[in-house]
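Peer 1: To be precise about what I am sending: the file is called input_35.txt and holds compact mmCIF, C-alpha atoms and all ligand atoms.
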```
# COMPACT_ATOMS: atom_id res chain seq x y z
CA MET A 677 25.78 -16.31 39.98
CA ARG A 678 24.66 -19.90 40.59
CA SER A 679 23.18 -20.26 44.04
CA ILE A 680 22.75 -23.90 44.88
CA SER A 681 21.31 -25.45 48.01
CA ASN A 682 22.23 -28.99 48.82
CA GLU A 683 22.13 -31.11 51.95
CA LEU A 684 25.18 -29.35 53.45
CA SER A 685 24.98 -25.68 52.68
CA ALA A 686 23.91 -22.92 50.34
CA VAL A 687 26.85 -22.72 47.94
CA ARG A 688 27.66 -19.53 46.04
CA ILE A 689 29.59 -19.95 42.85
CA GLU A 690 30.33 -17.57 40.00
CA PRO A 691 31.79 -18.38 36.58
CA VAL A 692 35.47 -17.58 36.06
CA GLU A 693 36.60 -16.52 32.57
CA LEU A 694 38.38 -19.50 31.03
CA THR A 695 41.52 -17.49 30.20
CA LYS A 696 41.73 -16.49 33.89
CA SER A 697 41.19 -20.01 35.23
CA TYR A 698 44.96 -20.59 35.64
CA LEU A 699 44.79 -18.09 38.53
CA LEU A 700 42.76 -20.59 40.54
CA MET A 701 45.75 -22.98 40.66
CA ASN A 702 48.77 -20.75 40.10
CA HIS A 703 49.64 -20.55 43.82
CA GLY A 704 49.90 -24.34 44.08
CA PRO A 705 47.01 -25.46 46.31
CA VAL A 706 46.08 -29.07 46.94
CA THR A 707 43.16 -30.20 44.78
CA LEU A 708 40.37 -32.75 44.92
CA VAL A 709 39.96 -34.81 41.75
CA SER A 710 36.40 -35.99 41.17
CA SER A 711 35.40 -38.43 38.47
CA ALA A 712 32.30 -40.25 37.26
CA HIS A 713 31.43 -42.96 34.79
CA GLY A 714 27.92 -44.40 34.43
CA GLU A 715 26.55 -44.76 37.95
CA ARG A 716 30.02 -44.77 39.53
CA ARG A 717 31.66 -41.64 40.93
CA ASN A 718 34.60 -40.91 43.15
CA VAL A 719 36.86 -38.28 44.68
CA MET A 720 40.53 -38.30 45.73
CA ALA A 721 43.10 -35.71 46.86
CA ALA A 722 45.91 -34.59 44.53
CA SER A 723 48.63 -32.11 45.38
CA TRP A 724 50.57 -32.81 42.18
CA ALA A 725 48.37 -30.63 40.00
CA MET A 726 49.22 -27.44 38.11
CA PRO A 727 48.08 -25.09 35.34
CA LEU A 728 49.67 -25.77 31.98
CA ASP A 729 48.45 -23.14 29.52
CA PHE A 730 46.40 -19.94 29.32
CA SER A 731 44.26 -20.34 26.21
CA PRO A 732 42.73 -22.73 25.73
CA PRO A 733 43.42 -23.33 29.43
CA LYS A 734 44.97 -26.65 30.37
CA VAL A 735 45.96 -28.42 33.57
CA ALA A 736 48.22 -31.34 34.47
CA VAL A 737 47.57 -33.76 37.34
CA VAL A 738 49.27 -36.94 38.49
CA VAL A 739 46.79 -39.77 39.10
CA ASP A 740 48.29 -43.00 40.39
CA SER A 741 47.71 -46.03 38.19
CA ARG A 742 46.35 -48.03 41.19
CA SER A 743 43.68 -45.48 42.10
CA TYR A 744 39.96 -45.92 41.45
CA THR A 745 39.98 -42.32 40.17
CA ARG A 746 42.35 -43.37 37.39
CA GLU A 747 39.92 -46.08 36.27
CA LEU A 748 37.00 -43.62 36.14
CA ILE A 749 38.97 -40.89 34.37
CA GLU A 750 40.23 -43.33 31.75
CA ALA A 751 36.69 -44.62 31.21
CA SER A 752 35.02 -41.19 30.99
CA GLY A 753 37.73 -38.87 29.63
CA GLU A 754 36.67 -36.24 32.15
CA PHE A 755 37.45 -34.97 35.64
CA VAL A 756 36.94 -31.99 37.91
CA LEU A 757 39.61 -30.29 40.01
CA SER A 758 38.06 -28.66 43.07
CA ILE A 759 40.21 -26.38 45.25
CA PRO A 760 39.37 -27.13 48.89
CA SER A 761 39.21 -24.61 51.71
CA ARG A 762 40.89 -25.03 55.07
CA ALA A 763 37.47 -25.78 56.57
CA ILE A 764 37.40 -29.19 54.88
CA ALA A 765 41.07 -30.17 55.37
CA SER A 766 40.09 -33.29 57.33
CA GLN A 767 37.92 -34.44 54.40
CA VAL A 768 40.85 -33.80 52.03
CA LEU A 769 43.05 -36.10 54.08
CA ALA A 770 40.30 -38.70 54.35
CA VAL A 771 39.51 -38.87 50.62
CA GLY A 772 43.26 -39.05 49.99
CA SER A 773 43.76 -41.93 52.42
CA GLN A 774 41.06 -44.37 51.35
CA SER A 775 40.02 -45.84 48.02
CA GLY A 776 36.62 -45.51 46.41
CA ARG A 777 36.96 -49.17 45.49
CA GLU A 778 36.36 -50.01 49.14
CA LEU A 779 33.77 -47.41 50.10
CA ASP A 780 31.52 -44.68 48.74
CA LYS A 781 33.54 -41.73 50.04
CA PHE A 782 30.69 -39.26 49.43
CA ALA A 783 28.35 -41.12 51.78
CA ALA A 784 30.93 -42.44 54.26
CA LEU A 785 32.82 -39.15 54.70
CA GLY A 786 29.93 -36.71 54.25
CA VAL A 787 31.39 -35.18 51.08
CA GLY A 788 28.75 -32.97 49.42
CA THR A 789 28.53 -32.38 45.69
CA ILE A 790 27.25 -29.79 43.22
CA PRO A 791 26.41 -30.71 39.60
CA ALA A 792 29.01 -29.59 37.07
CA SER A 793 27.94 -27.79 33.88
CA LYS A 794 29.95 -29.56 31.14
CA VAL A 795 31.14 -32.88 32.61
CA LYS A 796 29.51 -35.67 34.62
CA ALA A 797 32.01 -35.59 37.50
CA PRO A 798 30.65 -33.45 40.36
CA LEU A 799 32.05 -30.27 41.91
CA ILE A 800 32.90 -30.79 45.60
CA ASP A 801 31.10 -28.79 48.27
CA GLY A 802 33.24 -26.85 50.77
CA CYS A 803 35.69 -25.90 48.03
CA VAL A 804 36.34 -22.34 46.84
CA ALA A 805 37.09 -22.95 43.15
CA TRP A 806 36.36 -25.60 40.55
CA LEU A 807 37.76 -26.49 37.11
CA GLU A 808 35.78 -28.82 34.85
CA CYS A 809 38.20 -30.68 32.57
CA LYS A 810 38.22 -32.98 29.54
CA VAL A 811 41.22 -35.26 29.14
CA ILE A 812 43.67 -34.42 26.36
CA PRO A 813 44.89 -37.81 25.12
CA GLU A 814 48.63 -38.19 25.86
CA PRO A 815 49.15 -41.97 25.90
CA HIS A 816 52.93 -41.72 26.11
CA ASN A 817 52.94 -39.51 29.23
CA GLU A 818 50.15 -41.39 31.02
CA LYS A 819 52.06 -44.64 30.85
CA ARG A 820 55.39 -43.21 31.97
CA TYR A 821 54.42 -40.63 34.59
CA ASP A 822 50.74 -41.22 35.55
CA LEU A 823 50.27 -37.74 34.12
CA PHE A 824 46.88 -36.54 32.90
CA LEU A 825 46.45 -33.38 30.89
CA GLY A 826 43.05 -31.74 30.79
CA GLU A 827 41.51 -28.87 28.89
CA VAL A 828 39.51 -26.65 31.24
CA VAL A 829 36.01 -26.35 29.75
CA ALA A 830 34.35 -24.47 32.64
CA ALA A 831 35.65 -22.74 35.77
CA TRP A 832 33.90 -21.47 38.89
CA ALA A 833 34.79 -19.75 42.14
CA ASP A 834 33.17 -18.77 45.41
CA PRO A 835 33.07 -14.95 45.28
CA ARG A 836 33.86 -14.77 49.02
CA ALA A 837 37.34 -16.15 48.20
CA PHE A 838 38.00 -15.24 44.53
CA LYS A 839 36.60 -11.96 43.24
CA ASP A 840 37.39 -9.87 40.12
CA GLY A 841 40.25 -12.17 39.14
CA ARG A 842 41.96 -12.13 42.57
CA TRP A 843 42.06 -14.33 45.63
CA VAL A 844 40.80 -12.57 48.77
CA PHE A 845 41.75 -14.64 51.78
CA GLU A 846 39.93 -12.66 54.47
CA ASP A 847 38.16 -15.61 56.07
CA GLU A 848 40.57 -18.13 57.64
CA GLY A 849 38.22 -21.03 56.92
CA LEU A 850 38.05 -20.14 53.21
CA LYS A 851 41.83 -20.10 52.67
CA THR A 852 43.21 -22.62 50.22
CA ILE A 853 45.67 -25.20 51.57
CA HIS A 854 48.99 -26.81 50.60
CA TYR A 855 49.96 -30.34 51.52
CA ILE A 856 53.26 -31.34 53.11
CA ALA A 857 52.88 -34.99 54.24
CA GLY A 858 51.53 -37.06 57.12
CA GLY A 859 48.38 -34.97 57.60
CA ASN A 860 50.36 -31.67 57.74
CA PHE A 861 49.23 -28.71 55.65
CA PHE A 862 50.02 -25.01 55.24
CA ALA A 863 47.19 -22.54 54.77
CA THR A 864 47.90 -20.02 52.01
CA GLY A 865 49.86 -17.13 53.53
CA ASP A 866 49.94 -13.34 53.12
CA ALA A 867 49.88 -11.85 49.66
CA PHE A 868 52.47 -9.21 48.75
CA GLU A 869 53.31 -7.35 45.59
CA VAL A 870 56.64 -6.57 44.01
CA ALA A 871 56.88 -3.52 41.75
CA ASP A 872 57.36 -4.45 38.11
CA LYS A 873 60.34 -2.27 37.06
C1 LIG A 901 46.82 -34.34 50.51
C2 LIG A 901 47.03 -35.51 49.58
C3 LIG A 901 47.54 -35.29 48.31
C4 LIG A 901 47.68 -36.36 47.40
N1 LIG A 901 48.17 -36.11 46.16
C5 LIG A 901 48.17 -37.10 45.23
C6 LIG A 901 48.55 -36.84 43.88
O1 LIG A 901 48.91 -35.72 43.50
N2 LIG A 901 48.47 -37.87 42.98
C7 LIG A 901 48.07 -39.13 43.34
O2 LIG A 901 48.02 -40.03 42.48
N3 LIG A 901 47.73 -39.42 44.62
C8 LIG A 901 47.73 -38.43 45.55
N4 LIG A 901 47.33 -38.69 46.84
C9 LIG A 901 46.88 -40.03 47.18
C10 LIG A 901 45.46 -40.34 46.68
O3 LIG A 901 44.56 -39.31 47.03
C11 LIG A 901 45.03 -41.67 47.30
O4 LIG A 901 45.82 -42.71 46.75
C12 LIG A 901 43.56 -41.98 47.20
O5 LIG A 901 43.24 -42.90 48.22
C13 LIG A 901 43.13 -42.58 45.86
O6 LIG A 901 41.75 -42.79 45.95
P1 LIG A 901 40.90 -43.63 44.90
O7 LIG A 901 41.48 -45.04 44.84
O8 LIG A 901 39.52 -43.62 45.50
O9 LIG A 901 40.98 -42.94 43.59
C14 LIG A 901 47.28 -37.65 47.79
C15 LIG A 901 46.79 -37.88 49.09
C16 LIG A 901 46.68 -36.82 49.98
C17 LIG A 901 46.16 -37.06 51.37
```
Can the structure in the file be given as structure tokens, please?
Peer 2:
Amino acid sequence: MRSISNELSAVRIEPVELTKSYLLMNHGPVTLVSSAHGERRNVMAASWAMPLDFSPPKVAVVVDSRSYTRELIEASGEFVLSIPSRAIASQVLAVGSQSGRELDKFAALGVGTIPASKVKAPLIDGCVAWLECKVIPEPHNEKRYDLFLGEVVAAWADPRAFKDGRWVFEDEGLKTIHYIAGGNFFATGDAFEVADK
């Protein structure tokens, strides 16, 4: 386990097997997309993000052509998807409502970071899972749909929320969240199982 102290909290994160990393996004939570190039770094919200393959694991995310994030991802070829908890929903809305071209969202909105292991973009504090990604070049799709595909090169989770390959949503504040619109979210609901006949 990595145990990292930063200015906000002591963060507990454990590696997630790459072939299991799709489980971190399979239930459709909103994500935070962080990016970095040279001295510049940024974070935005993205609900249009999904797993795309098991092995090697891949993700897809829509990143608007006008966003600062898009500029940094195109320059670096890397990004991180962090899965935020309910506790930081107001930060999710804030980083999704303002552009990093106008302000340093990390400083202005008190967004904490954790160094990633394989990419320069940071993991976001207050999240419960993280996927470090390298862009898979798809020039045709990017132009038409603002779609970015990434290969997941490292994955992490907070063991209080994701343990032994399963989400455990016991703590309300650690639940993942789903975006509707206009500042309205759902928190992830009750799990149930259907017998496989
Ligand atoms: C909850 C939420 C989800 C969002 N989902 C997406 C998305 O999937 N794709 C996208 O391009 N923009 C999305 N946005 C909008 C961007 O986060 C927003 O344009 C942001 O200000 C871009 O920041 P940047 O210019 O600093 O990169 C979302 C906003 C919110 C609040």
Peer 1: Neighbours of ligand LIG 901 (chain A) within 7 Å, counting all atoms listed in the file, as a VMD selection string?
Peer 2: chain A and resid 706 718 to 725 737 to 740 742 to 746 768 to 777 855 859
Peer 1: With C-alpha atoms kept, could you save the residues just selected as a short mmCIF file (atom, residue, chain, number, x, y, z; two decimals), in the frame of the given file?
Peer 2:
```
data_model
loop_
_atom_site.label_atom_id
_atom_site.label_comp_id
_atom_site.auth_asym_id
_atom_site.auth_seq_id
_atom_site.Cartn_x
_atom_site.Cartn_y
_atom_site.Cartn_z
CA VAL A 706 46.08 -29.07 46.94
CA ASN A 718 34.60 -40.91 43.15
CA VAL A 719 36.86 -38.28 44.68
CA MET A 720 40.53 -38.30 45.73
CA ALA A 721 43.10 -35.71 46.86
CA ALA A 722 45.91 -34.59 44.53
CA SER A 723 48.63 -32.11 45.38
CA TRP A 724 50.57 -32.81 42.18
CA ALA A 725 48.37 -30.63 40.00
CA VAL A 737 47.57 -33.76 37.34
CA VAL A 738 49.27 -36.94 38.49
CA VAL A 739 46.79 -39.77 39.10
CA ASP A 740 48.29 -43.00 40.39
CA ARG A 742 46.35 -48.03 41.19
CA SER A 743 43.68 -45.48 42.10
CA TYR A 744 39.96 -45.92 41.45
CA THR A 745 39.98 -42.32 40.17
CA ARG A 746 42.35 -43.37 37.39
CA VAL A 768 40.85 -33.80 52.03
CA LEU A 769 43.05 -36.10 54.08
CA ALA A 770 40.30 -38.70 54.35
CA VAL A 771 39.51 -38.87 50.62
CA GLY A 772 43.26 -39.05 49.99
CA SER A 773 43.76 -41.93 52.42
CA GLN A 774 41.06 -44.37 51.35
CA SER A 775 40.02 -45.84 48.02
CA GLY A 776 36.62 -45.51 46.41
CA ARG A 777 36.96 -49.17 45.49
CA TYR A 855 49.96 -30.34 51.52
CA GLY A 859 48.38 -34.97 57.60
#
```
Peer 1: Between CA of Thr852 in chain A and CA of Gln767 in chain A, measure the distance and give it in Å to one decimal.
Peer 2: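 That distance, rounded to one decimal, is 13.6 Å.
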Peer 1: Between CA of Glu690 in chain A and CA of Phe838 in chain A, what is the distance in Å, rounded to a tenth?
Peer 2: 9.2 Å
Peer 1: Figure out the distance between CA of Trp806 in chain A and CA of His854 in chain A, please, to one decimal in Å.
Peer 2: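 Separating CA of His854 in chain A from CA of Trp806 in chain A is a distance of 16.2 Å.
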Peer 1: When distances are computed from all atoms listed in the file, which of A:Glu750, A:Pro733, A:Val687, A:Ser697 shows the smallest separation from Asp840 in chain A?
Peer 2: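 The answer is A:Ser697, which sits nearest to Asp840 in chain A.
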Peer 1: Neighbours of Gly841 in chain A within 8 Å (all atoms listed in the file; same-chain residues fewer than 5 positions away dropped), as a VMD selection string?
Peer 2: chain A and resid 692 696 699
Peer 1: For a quick check of understanding, using all atoms listed in the file, which of A:His703, A:Pro815, A:Leu807, A:Ile764 has the smallest distance to Trp843 in chain A?
Peer 2: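 For Trp843 in chain A, the nearest of the given residues is A:His703.
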Peer 1: Do you know which residues are at most 12 Å from Phe862 in chain A counting only C-alpha atoms, after dropping those on the same chain fewer than 5 positions away, and could you put them as a PyMOL selection string?
Peer 2: chain A and resi 704-706+761-762+765+848+851-857
Peer 1: I need the residue nearest Ala831 in chain A from this list: A:Asp847, A:Glu814, A:Asp780, A:Glu808. Use all atoms listed in the file for the distance.
Peer 2: A:Glu808
Peer 1: Do you have, as a Markdown table, the list of residues of range 682-753 of chain A lying at most 6 Å from range 786-799 of chain A, each with its nearest atom pair and that distance in Å to one decimal, counting only C-alpha atoms and ordered by chain then number?
Peer 2:
```
| residue | atom | partner | partner_atom | distance |
| --- | --- | --- | --- | --- |
| A:Ser710 | CA | A:Ala797 | CA | 5.7 |
| A:Ser711 | CA | A:Ala797 | CA | 4.5 |
| A:Ala712 | CA | A:Ala797 | CA | 4.7 |
```
Peer 1: Nearest residue to Lys781 in chain A out of A:Gly826, A:Asp729, A:Asp872, A:Ile800, using all atoms listed in the file?
Peer 2: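 Among the listed residues, A:Ile800 lies closest to Lys781 in chain A.
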Peer 1: Which residues, written as a PyMOL selection string, have at least one atom at most 7 Å from Ala751 in chain A, with all atoms listed in the file counted and residues fewer than 3 positions away on the same chain left out?
Peer 2: chain A and resi 713+747-748
Peer 1: Which one of A:Leu779, A:Leu708, A:Val756, A:Met701 sits closest to Cys809 in chain A if you count only C-alpha atoms?
Peer 2: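 Result for the nearest residue to Cys809 in chain A: A:Val756.
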